Amino acid sequence: MIETNRPAAVPTEDEPDLLRDQFKQLLRYRRLLGAGVGIGLLGGVYLGISTADTYVASADIVLRAPTDDPFNPSLAPDKAINIGSERQVALSSSIAEAARVKLGVADKDFKALRAGLQVTNPPQTMVLRFTYTANSPTQAAKRANAMTEAYLLKRQEALDATRDRMVKGYKDQRDPVAKELDELVKEIARLPAGAARDSAMSTKTDLQSEVGGYNGKITKLEALDMTPGRVTSAATPPSGADGPGLPMSLALGAAVGLALGLLAAWVRLVFDPAPRSEGDVSRALRAPVLGSLPRDRTGGGPLLAAGEADPRLAEEYRSVAFRLAYDSRFADRRRLLVVAPRGSSETAAAVAVNLAASFAETGKDVLLIEADLRTPVLASQLPTDAGGRPRWSQGAGGGGRQGDCEWPDGRQLVVDAGESGTFDLIPGERVRNVPRALTSPRATRLISEADSPNSTVVVLAPPVLSYADALALVDRVDGVLVVCDPRAVYRSDLARIRELISGAGGTVLGAVVHAPVPGEKRGGRGRGAPARPEPARPVTGEAEQHIPGDGSDTVALRTVRTGQR
């Protein structure tokens, strides 16, 4: 007897694992990544070519405020000068016009001349940096120096004009007072000694003080150092182009393009409804992924993988079987329902057959039930021999005529799985009423074979989202294995499967993922194999003589063809 462990559960993934898984998913969008890198390389080529003949020259000047004592430490130039306003003045059209005249540039090239200038202010300094961009190194240096000189000249003119206006204003205020003083002096000379002369002398003193104040202010203004600033670094012709060069431009373009491609891939991943990894499948089903079938061996080959030249597929089935055997939820009842979400059940049938062979290899008495009564194919695709009359068909109510129940009818085949041994097969058969056949007492006794010691029952059902047949079996075969192609099903489909199975009283034990089956459209959610005509069932004499109302009457609701799965 195999010792079982606690149920296999979805492993808790930490943040690094989730990020690593998401990054691996991003790498699957190779077209988006390639397109991003291609666009980045084109941008890099454009940047490298467009900046190949671009030269930049810079000149620095330090601004000074007018002062009568430049060595006074209490003076704060940043309080007297608004560096932001000075930068705007340096970029003004008047400075550019003065530089144009000095350089002899035509009027039609004035906008181009002004467009090449850039003025910046390094933080915490009184420095203006004039940067000029031109098509030649000599022209860049020449124009940068011309702009600097034009700015200093304009600032010198503005400071001189301000001082001249202030001096003129003081003189205009002083001259009337000085004229009045001269007249008062002449009048005092004519006055005799006495009170009148003393009053005139007092007035003379006041007027002389006022005139002296004006003269002091004028003298102070005329003594100011009006130097606007000095050039600390003149522009020189640059030794090379300002651009990063073609190799660096290509590297930068590739890096930016890769970042854009990753961003586009991430957006595509966020809005992609299909699970892009086993982790997504596991999270949607809330059950572990028990196995992943090799890409080059899924579909198109024989159902039994044992004996094939490439043993990878058979070993993967054995791995899934052992993981199920050590899951107490399966080991306690030994009943397994294998279903696909929608579309074709070809891979689900292969999984059911090979799991039955793997269980038989461990010494179990395995019974494989093909409950897909709409398109039964296992009997024609497996090496089978006729077996004896099974025990489940000999119980109470099982000895009647086979015509009383269409399926199961007591036919049981033995499948030769090569070195794995043999297992029994209950082949499917087309019936008039599938739900009634699946819920019949015979089907219940058939599934209860798993209650026998050392027995295991594997049931293959139609796609769970296409038909309700699987849900009709969940109450008796409560361990469900979902076989799906992650690129052909939506995460919402897997979540709905889990909800349907849980609501019917079953448990999703895990999932087996596989690559797209050859011949099927990638990501398709529609039809499976091409439609085949449904063979006509012979009408026996017993069927003609059935008693109406005995429970065997059914009403045909629709005809289900093979391809409509």
# chains A, B, ... in the order shown; residues from 1 in each chain; ligands from 1

$ residues_around --residues "range 43-59 of chain A" --least-positions-apart "4" --cutoff "9 Å" --atoms "only C-alpha atoms" --output "PyMOL selection string"
chain A and resi 38-39+128-145+148+231-254+257

$ select_by_dssp --residues "range 100-330 of chain A" --states "helix (DSSP H, G or I)" --output "JSON, numbers by chain"
{"A": [100, 101, 102, 103, 107, 108, 109, 110, 111, 112, 113, 114, 115, 137, 138, 139, 140, 141, 142, 143, 144, 145, 146, 147, 148, 149, 150, 151, 152, 153, 154, 155, 156, 157, 158, 159, 160, 161, 162, 163, 164, 165, 166, 167, 168, 169, 170, 171, 172, 173, 174, 175, 176, 177, 178, 179, 180, 181, 182, 183, 184, 185, 186, 187, 188, 189, 190, 195, 196, 197, 198, 199, 200, 201, 202, 203, 204, 205, 206, 207, 208, 209, 210, 211, 212, 213, 214, 215, 216, 217, 218, 219, 220, 221, 222, 246, 247, 248, 249, 250, 251, 252, 253, 254, 255, 256, 257, 258, 259, 260, 261, 262, 263, 264, 265, 266, 267, 268, 269, 270, 278, 279, 280, 281, 282, 283, 284, 285, 295, 296, 297, 312, 313, 314, 315, 316, 317, 318, 319, 320, 321, 322, 323, 324, 325, 328, 329, 330]}

$ write_last_selection --atoms "C-alpha atoms" --output "short mmCIF file (atom, residue, chain, number, x, y, z; two decimals), in the first residue's frame"
data_model
loop_
_atom_site.label_atom_id
_atom_site.label_comp_id
_atom_site.auth_asym_id
_atom_site.auth_seq_id
_atom_site.Cartn_x
_atom_site.Cartn_y
_atom_site.Cartn_z
CA ARG A 100 23.82 90.22 -35.66
CA VAL A 101 25.06 93.70 -36.51
CA LYS A 102 28.51 92.94 -35.13
CA LEU A 103 28.73 89.61 -36.97
CA ASP A 107 18.28 89.96 -41.60
CA LYS A 108 16.81 86.75 -43.01
CA ASP A 109 19.15 84.68 -40.80
CA PHE A 110 18.21 86.54 -37.59
CA LYS A 111 15.87 83.78 -36.33
CA ALA A 112 18.46 81.09 -36.97
CA LEU A 113 21.09 83.19 -35.18
CA ARG A 114 18.87 83.61 -32.12
CA ALA A 115 17.75 79.97 -32.13
CA PRO A 137 33.43 74.91 -34.49
CA THR A 138 34.74 78.34 -35.53
CA GLN A 139 31.28 79.73 -36.08
CA ALA A 140 30.06 78.38 -32.73
CA ALA A 141 32.91 80.06 -30.81
CA LYS A 142 32.63 83.31 -32.77
CA ARG A 143 28.92 83.68 -32.21
CA ALA A 144 29.11 82.71 -28.53
CA ASN A 145 31.69 85.46 -27.92
CA ALA A 146 29.65 87.94 -29.96
CA MET A 147 26.56 87.23 -27.88
CA THR A 148 28.55 87.65 -24.68
CA GLU A 149 30.03 90.97 -25.75
CA ALA A 150 26.64 92.24 -26.95
CA TYR A 151 25.10 91.38 -23.58
CA LEU A 152 27.86 93.10 -21.59
CA LEU A 153 27.64 96.15 -23.81
CA LYS A 154 23.87 96.37 -23.44
CA ARG A 155 24.14 95.95 -19.68
CA GLN A 156 26.82 98.64 -19.50
CA GLU A 157 24.61 101.00 -21.49
CA ALA A 158 21.63 100.24 -19.24
CA LEU A 159 23.64 100.89 -16.05
CA ASP A 160 25.12 104.14 -17.43
CA ALA A 161 21.72 105.34 -18.51
CA THR A 162 20.30 104.62 -15.07
CA ARG A 163 23.12 106.54 -13.35
CA ASP A 164 22.82 109.49 -15.76
CA ARG A 165 19.11 109.75 -15.10
CA MET A 166 19.65 109.77 -11.36
CA VAL A 167 22.43 112.39 -11.60
CA LYS A 168 20.26 114.57 -13.78
CA GLY A 169 17.41 114.26 -11.32
CA TYR A 170 19.59 115.37 -8.41
CA LYS A 171 20.95 118.28 -10.43
CA ASP A 172 17.45 119.36 -11.36
CA GLN A 173 16.59 119.43 -7.67
CA ARG A 174 19.85 121.16 -6.67
CA ASP A 175 19.90 123.97 -9.24
CA PRO A 176 16.81 125.90 -7.93
CA VAL A 177 18.17 125.66 -4.40
CA ALA A 178 21.61 126.88 -5.53
CA LYS A 179 20.06 129.80 -7.41
CA GLU A 180 18.05 130.74 -4.34
CA LEU A 181 21.25 130.55 -2.26
CA ASP A 182 23.11 132.89 -4.61
CA GLU A 183 20.31 135.45 -4.45
CA LEU A 184 20.20 135.17 -0.65
CA VAL A 185 23.96 135.80 -0.45
CA LYS A 186 23.61 138.99 -2.50
CA GLU A 187 20.72 140.13 -0.29
CA ILE A 188 22.68 139.50 2.92
CA ALA A 189 25.47 141.67 1.60
CA ARG A 190 23.05 144.65 1.38
CA ALA A 195 17.62 140.78 13.36
CA ALA A 196 16.86 140.67 9.62
CA ARG A 197 20.47 139.88 8.75
CA ASP A 198 20.63 137.15 11.40
CA SER A 199 17.45 135.49 10.00
CA ALA A 200 18.89 135.62 6.47
CA MET A 201 22.12 134.05 7.70
CA SER A 202 20.15 131.16 9.27
CA THR A 203 18.29 130.56 6.00
CA LYS A 204 21.61 130.67 4.11
CA THR A 205 22.96 127.92 6.34
CA ASP A 206 19.93 125.67 5.61
CA LEU A 207 20.21 126.24 1.85
CA GLN A 208 23.94 125.49 1.86
CA SER A 209 23.29 122.24 3.73
CA GLU A 210 20.63 121.20 1.19
CA VAL A 211 22.86 121.99 -1.79
CA GLY A 212 25.71 120.08 -0.15
CA GLY A 213 23.46 117.04 0.27
CA TYR A 214 22.59 117.07 -3.42
CA ASN A 215 26.22 117.48 -4.39
CA GLY A 216 27.17 114.54 -2.14
CA LYS A 217 24.64 112.27 -3.80
CA ILE A 218 25.76 113.32 -7.27
CA THR A 219 29.39 112.74 -6.36
CA LYS A 220 28.58 109.30 -4.95
CA LEU A 221 26.76 108.29 -8.14
CA GLU A 222 29.58 109.55 -10.33
CA LEU A 246 26.96 56.84 -34.14
CA PRO A 247 28.07 53.87 -31.96
CA MET A 248 26.85 55.51 -28.75
CA SER A 249 23.64 56.64 -30.46
CA LEU A 250 22.96 53.08 -31.59
CA ALA A 251 23.58 51.77 -28.07
CA LEU A 252 21.29 54.38 -26.53
CA GLY A 253 18.63 53.72 -29.17
CA ALA A 254 18.79 49.97 -28.54
CA ALA A 255 18.46 50.50 -24.78
CA VAL A 256 15.51 52.88 -25.15
CA GLY A 257 13.90 50.62 -27.75
CA LEU A 258 14.25 47.60 -25.46
CA ALA A 259 12.62 49.55 -22.66
CA LEU A 260 9.74 50.51 -24.97
CA GLY A 261 9.41 46.91 -26.12
CA LEU A 262 9.28 45.67 -22.52
CA LEU A 263 6.65 48.29 -21.74
CA ALA A 264 4.55 47.24 -24.75
CA ALA A 265 4.97 43.57 -23.80
CA TRP A 266 3.90 44.33 -20.23
CA VAL A 267 0.78 46.15 -21.46
CA ARG A 268 0.04 43.23 -23.77
CA LEU A 269 0.55 40.81 -20.89
CA VAL A 270 -1.76 42.76 -18.58
CA GLU A 278 1.97 27.36 -15.39
CA GLY A 279 1.75 29.75 -12.46
CA ASP A 280 -1.27 31.47 -14.01
CA VAL A 281 -2.95 28.09 -14.56
CA SER A 282 -2.23 27.08 -10.98
CA ARG A 283 -3.59 30.35 -9.56
CA ALA A 284 -6.76 30.19 -11.70
CA LEU A 285 -7.55 26.57 -10.73
CA ARG A 295 6.14 20.24 -26.96
CA ASP A 296 7.10 17.95 -29.84
CA ARG A 297 5.12 14.94 -28.65
CA ARG A 312 10.27 11.86 -22.16
CA LEU A 313 6.51 11.71 -22.68
CA ALA A 314 6.10 8.37 -20.87
CA GLU A 315 8.23 9.60 -17.98
CA GLU A 316 6.13 12.74 -17.70
CA TYR A 317 2.97 10.62 -17.43
CA ARG A 318 4.62 8.47 -14.75
CA SER A 319 5.55 11.63 -12.84
CA VAL A 320 1.94 12.84 -12.93
CA ALA A 321 0.70 9.42 -11.78
CA PHE A 322 3.08 9.33 -8.82
CA ARG A 323 2.13 12.86 -7.77
CA LEU A 324 -1.52 11.83 -7.81
CA ALA A 325 -0.77 8.61 -5.90
CA SER A 328 -4.46 11.75 -0.09
CA ARG A 329 -7.53 13.22 -1.80
CA PHE A 330 -7.03 10.81 -4.70
#

$ select_by_dssp --residues "range 34-213 of chain A" --states "strand (DSSP E)" --output "list of chain:residue names"
A:Tyr55, A:Val56, A:Ala57, A:Ser58, A:Ala59, A:Asp60, A:Ile61, A:Val62, A:Leu63, A:Leu117, A:Gln118, A:Val119, A:Thr120, A:Val127, A:Leu128, A:Arg129, A:Phe130, A:Thr131, A:Tyr132, A:Thr133, A:Ala134

$ write_last_selection --atoms "C-alpha atoms" --output "short mmCIF file (atom, residue, chain, number, x, y, z; two decimals), in the first residue's frame"
data_model
loop_
_atom_site.label_atom_id
_atom_site.label_comp_id
_atom_site.auth_asym_id
_atom_site.auth_seq_id
_atom_site.Cartn_x
_atom_site.Cartn_y
_atom_site.Cartn_z
CA TYR A 55 29.35 71.87 -32.53
CA VAL A 56 28.82 73.67 -29.22
CA ALA A 57 30.94 76.50 -27.77
CA SER A 58 30.42 78.12 -24.34
CA ALA A 59 31.48 81.40 -22.70
CA ASP A 60 31.02 82.33 -19.02
CA ILE A 61 30.61 85.78 -17.50
CA VAL A 62 30.31 86.87 -13.87
CA LEU A 63 27.83 89.67 -13.23
CA LEU A 117 21.81 80.53 -28.34
CA GLN A 118 21.17 79.01 -24.93
CA VAL A 119 21.84 80.82 -21.65
CA THR A 120 21.99 78.97 -18.35
CA VAL A 127 27.47 83.29 -13.62
CA LEU A 128 25.70 83.33 -16.98
CA ARG A 129 26.85 80.66 -19.41
CA PHE A 130 26.34 81.47 -23.07
CA THR A 131 26.19 78.26 -25.13
CA TYR A 132 25.93 78.46 -28.89
CA THR A 133 25.28 75.58 -31.30
CA ALA A 134 26.42 75.87 -34.93
#

$ residues_around --residues "Val474 in chain A" --least-positions-apart "3" --cutoff "8 Å" --atoms "only C-alpha atoms" --output "ChimeraX atom specification"
/A:337,470-471,477-480,501,504-506

$ write_last_selection --atoms "C-alpha atoms" --output "mmCIF file, in the first residue's frame"
data_model
loop_
_atom_site.group_PDB
_atom_site.id
_atom_site.type_symbol
_atom_site.label_atom_id
_atom_site.label_comp_id
_atom_site.auth_asym_id
_atom_site.auth_seq_id
_atom_site.Cartn_x
_atom_site.Cartn_y
_atom_site.Cartn_z
ATOM 1 C CA LEU A 337 -11.996 12.310 -13.835
ATOM 2 C CA ALA A 470 -18.475 15.824 -16.604
ATOM 3 C CA LEU A 471 -20.536 17.596 -13.949
ATOM 4 C CA VAL A 477 -15.733 10.763 -9.357
ATOM 5 C CA ASP A 478 -14.827 13.755 -7.254
ATOM 6 C CA GLY A 479 -11.107 14.024 -8.139
ATOM 7 C CA VAL A 480 -10.754 16.040 -11.368
ATOM 8 C CA ILE A 501 -16.533 21.400 -10.132
ATOM 9 C CA ALA A 504 -20.942 19.948 -7.990
ATOM 10 C CA GLY A 505 -19.089 18.560 -4.982
ATOM 11 C CA GLY A 506 -15.782 17.708 -6.632
#

$ atom_distance --atom1 "CA of Val459 in chain A" --atom2 "CA of Pro288 in chain A"
20.1 Å

$ closest_residue --among "A:Ala98, A:Leu465, A:Ile83, A:Val338" --to "Pro122 in chain A" --atoms "only C-alpha atoms"
A:Ile83

$ closest_residue --among "A:Thr422, A:Thr384, A:Asn72, A:Gln25" --to "Ala356 in chain A" --atoms "only C-alpha atoms"
A:Thr422

$ atom_distance --atom1 "CA of Ala352 in chain A" --atom2 "CA of Leu368 in chain A"
7.7 Å

$ closest_residue --among "A:Gly418, A:Pro70, A:Gly291, A:Pro453" --to "Asp225 in chain A" --atoms "only C-alpha atoms"
A:Pro70

$ atom_distance --atom1 "CA of Gln381 in chain A" --atom2 "CA of Pro302 in chain A"
7.8 Å
